[in-house]
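Worksheet: the structure to be examined is printed underneath.
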Amino acid sequence: MTDLMPARAEAQKLFEEVVFLRNNSKTPFTKDQEQTFRQHCTAVASIAEKIASALPGINEDRAYILGLLHDCGRIKDEKTEHAFHGYIGYHHMLEKGYPTLARISITHNFYQKDFDTTTYPQNKEQVIFCKKYIQTIDYNDYDRLIQLSDILNDMGKLCTIEYRFSSIAHRYNIPVDRIETHIRSLNELKQSFDDKIGIDVYKFLGILK
């Protein structure tokens, strides 16, 4: 597939379209949900852009755009429409002609490629599709950057990995052992970026002093 990416202004239009589609779906955002969605996606974009600024060979605009649109699959509500936002976002961005954005829609969800699909409460067939998809690719720096940037923000607020997963566990009733596995994987991922930029990511972003 051709590696096409929208310009920053076009990416913002695509983001607004995501909000529009969700608000005209079977389960539109509530006012608070829309605000949280906007804050989270914008924050992830900014985090990715800032980390990218310290990484040689990583384009800051590209990082921002991938962060802004990583959750484009939220055009559908996972619970009421029995969907998985990674799968929905993948196909939405393929239809738009942006395979790299489609890829990020899936890869930002899975820190480990070998996972038990039965532990995911979303649409099982869609989760299985995503697992098969990530077996066909090698994660690159952008995949990993958006995974990390996504997890360092909770509902629009900068946070540690542990805080984020505590919040996620509370909202989605995720088993403790699964949470602990994710935390270990993401701390290893964070350490790799600490090493790349030469400073603790938490300090770099101002999460910790």
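Chain labels follow the order of the structure tokens: the first chain is A, the next B, and so on; residue numbering restarts at 1 in every chain, and ligands are counted from 1 in their shown order.
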
Query raised in the report: Residues of stretch 5-152 of chain A in alpha helix (DSSP H) according to DSSP, as JSON, numbers by chain?
Result: {"A": [8, 9, 10, 11, 12, 13, 14, 15, 16, 17, 18, 19, 20, 21, 22, 23, 31, 32, 33, 34, 35, 36, 37, 38, 39, 40, 41, 42, 43, 44, 45, 46, 47, 48, 49, 50, 51, 52, 53, 60, 61, 62, 63, 64, 65, 66, 67, 68, 85, 86, 87, 88, 89, 90, 91, 92, 93, 94, 95, 96, 99, 100, 101, 102, 103, 104, 105, 106, 107, 124, 125, 126, 127, 128, 129, 130, 131, 132, 133, 134, 141, 142, 143, 144, 145, 146, 147, 148, 149, 150, 151]}

Could the residues of stretch 143-178 of chain A that have an atom at most 10 Å from stretch 65-87 of chain A be listed as JSON lines, each with its closest atom pair and the distance in Å to one decimal, counting only C-alpha atoms and ordered by chain and ascending residue number?
```
{"residue": "A:Asp143", "atom": "CA", "partner": "A:Leu66", "partner_atom": "CA", "distance": 9.0}
{"residue": "A:Leu145", "atom": "CA", "partner": "A:Gly67", "partner_atom": "CA", "distance": 8.9}
{"residue": "A:Ile146", "atom": "CA", "partner": "A:Gly67", "partner_atom": "CA", "distance": 6.0}
{"residue": "A:Gln147", "atom": "CA", "partner": "A:Gly67", "partner_atom": "CA", "distance": 9.2}
{"residue": "A:Ser149", "atom": "CA", "partner": "A:Gly67", "partner_atom": "CA", "distance": 7.6}
{"residue": "A:Asp150", "atom": "CA", "partner": "A:Gly67", "partner_atom": "CA", "distance": 7.6}
```

May I have the selected residues written with C-alpha atoms, as a CSV table (one decimal), in the first residue's frame?
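Final output, saved to selection39.csv:
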```
chain,number,residue,atom,x,y,z
A,143,ASP,CA,3.6,2.3,16.2
A,145,LEU,CA,5.4,6.0,19.8
A,146,ILE,CA,1.6,6.2,19.6
A,147,GLN,CA,1.2,3.2,22.0
A,149,SER,CA,1.7,8.5,23.9
A,150,ASP,CA,-1.8,7.0,24.2
```

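Interatomic distance, atom CA of A:Leu205 to atom CA of A:Phe193: 12.2 Å.
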
Report task. Identify, on the basis of only C-alpha atoms, every residue whose closest approach to A:Gln191 does not exceed 12 Å; exclude the query and any residue fewer than 6 positions from it along the same chain; express the result as a PyMOL selection string. Result -> chain A and resi 144+148+161+184-185+197-202

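Of all the residues in chain A, the ones DSSP labels as strand (DSSP E) from the backbone are Asn153, Asp154, Lys157 and Leu158 of chain A.
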
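Ranking A:Arg171, A:Lys50, A:Lys113, A:Arg38 by their shortest atom-to-atom distance to A:Gln12, with only C-alpha atoms included, puts A:Arg38 first.
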
Query raised in the report: Out of A:Lys131, A:His170, A:Lys157, A:Lys96, which residue has the shortest atom-to-atom distance to A:Thr36 when counting only C-alpha atoms?
Result: A:Lys157

Report summary line: Using only C-alpha atoms, the residue out of A:Asn24, A:Ser166, A:Thr30, A:Gln112 with shortest distance to A:Asp154 is A:Ser166

**Report entry** Shell around A:His40 at 7 Å using only C-alpha atoms, local window under 3 positions removed, as a list in words
**Finding:** Thr36, Phe37, Ala43, Val44, Asn153, Asp154, Met155 and Gly156 of chain A

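Taking atom CA of A:Arg164 and atom CA of A:Leu152 as endpoints, the distance between them is 6.9 Å.
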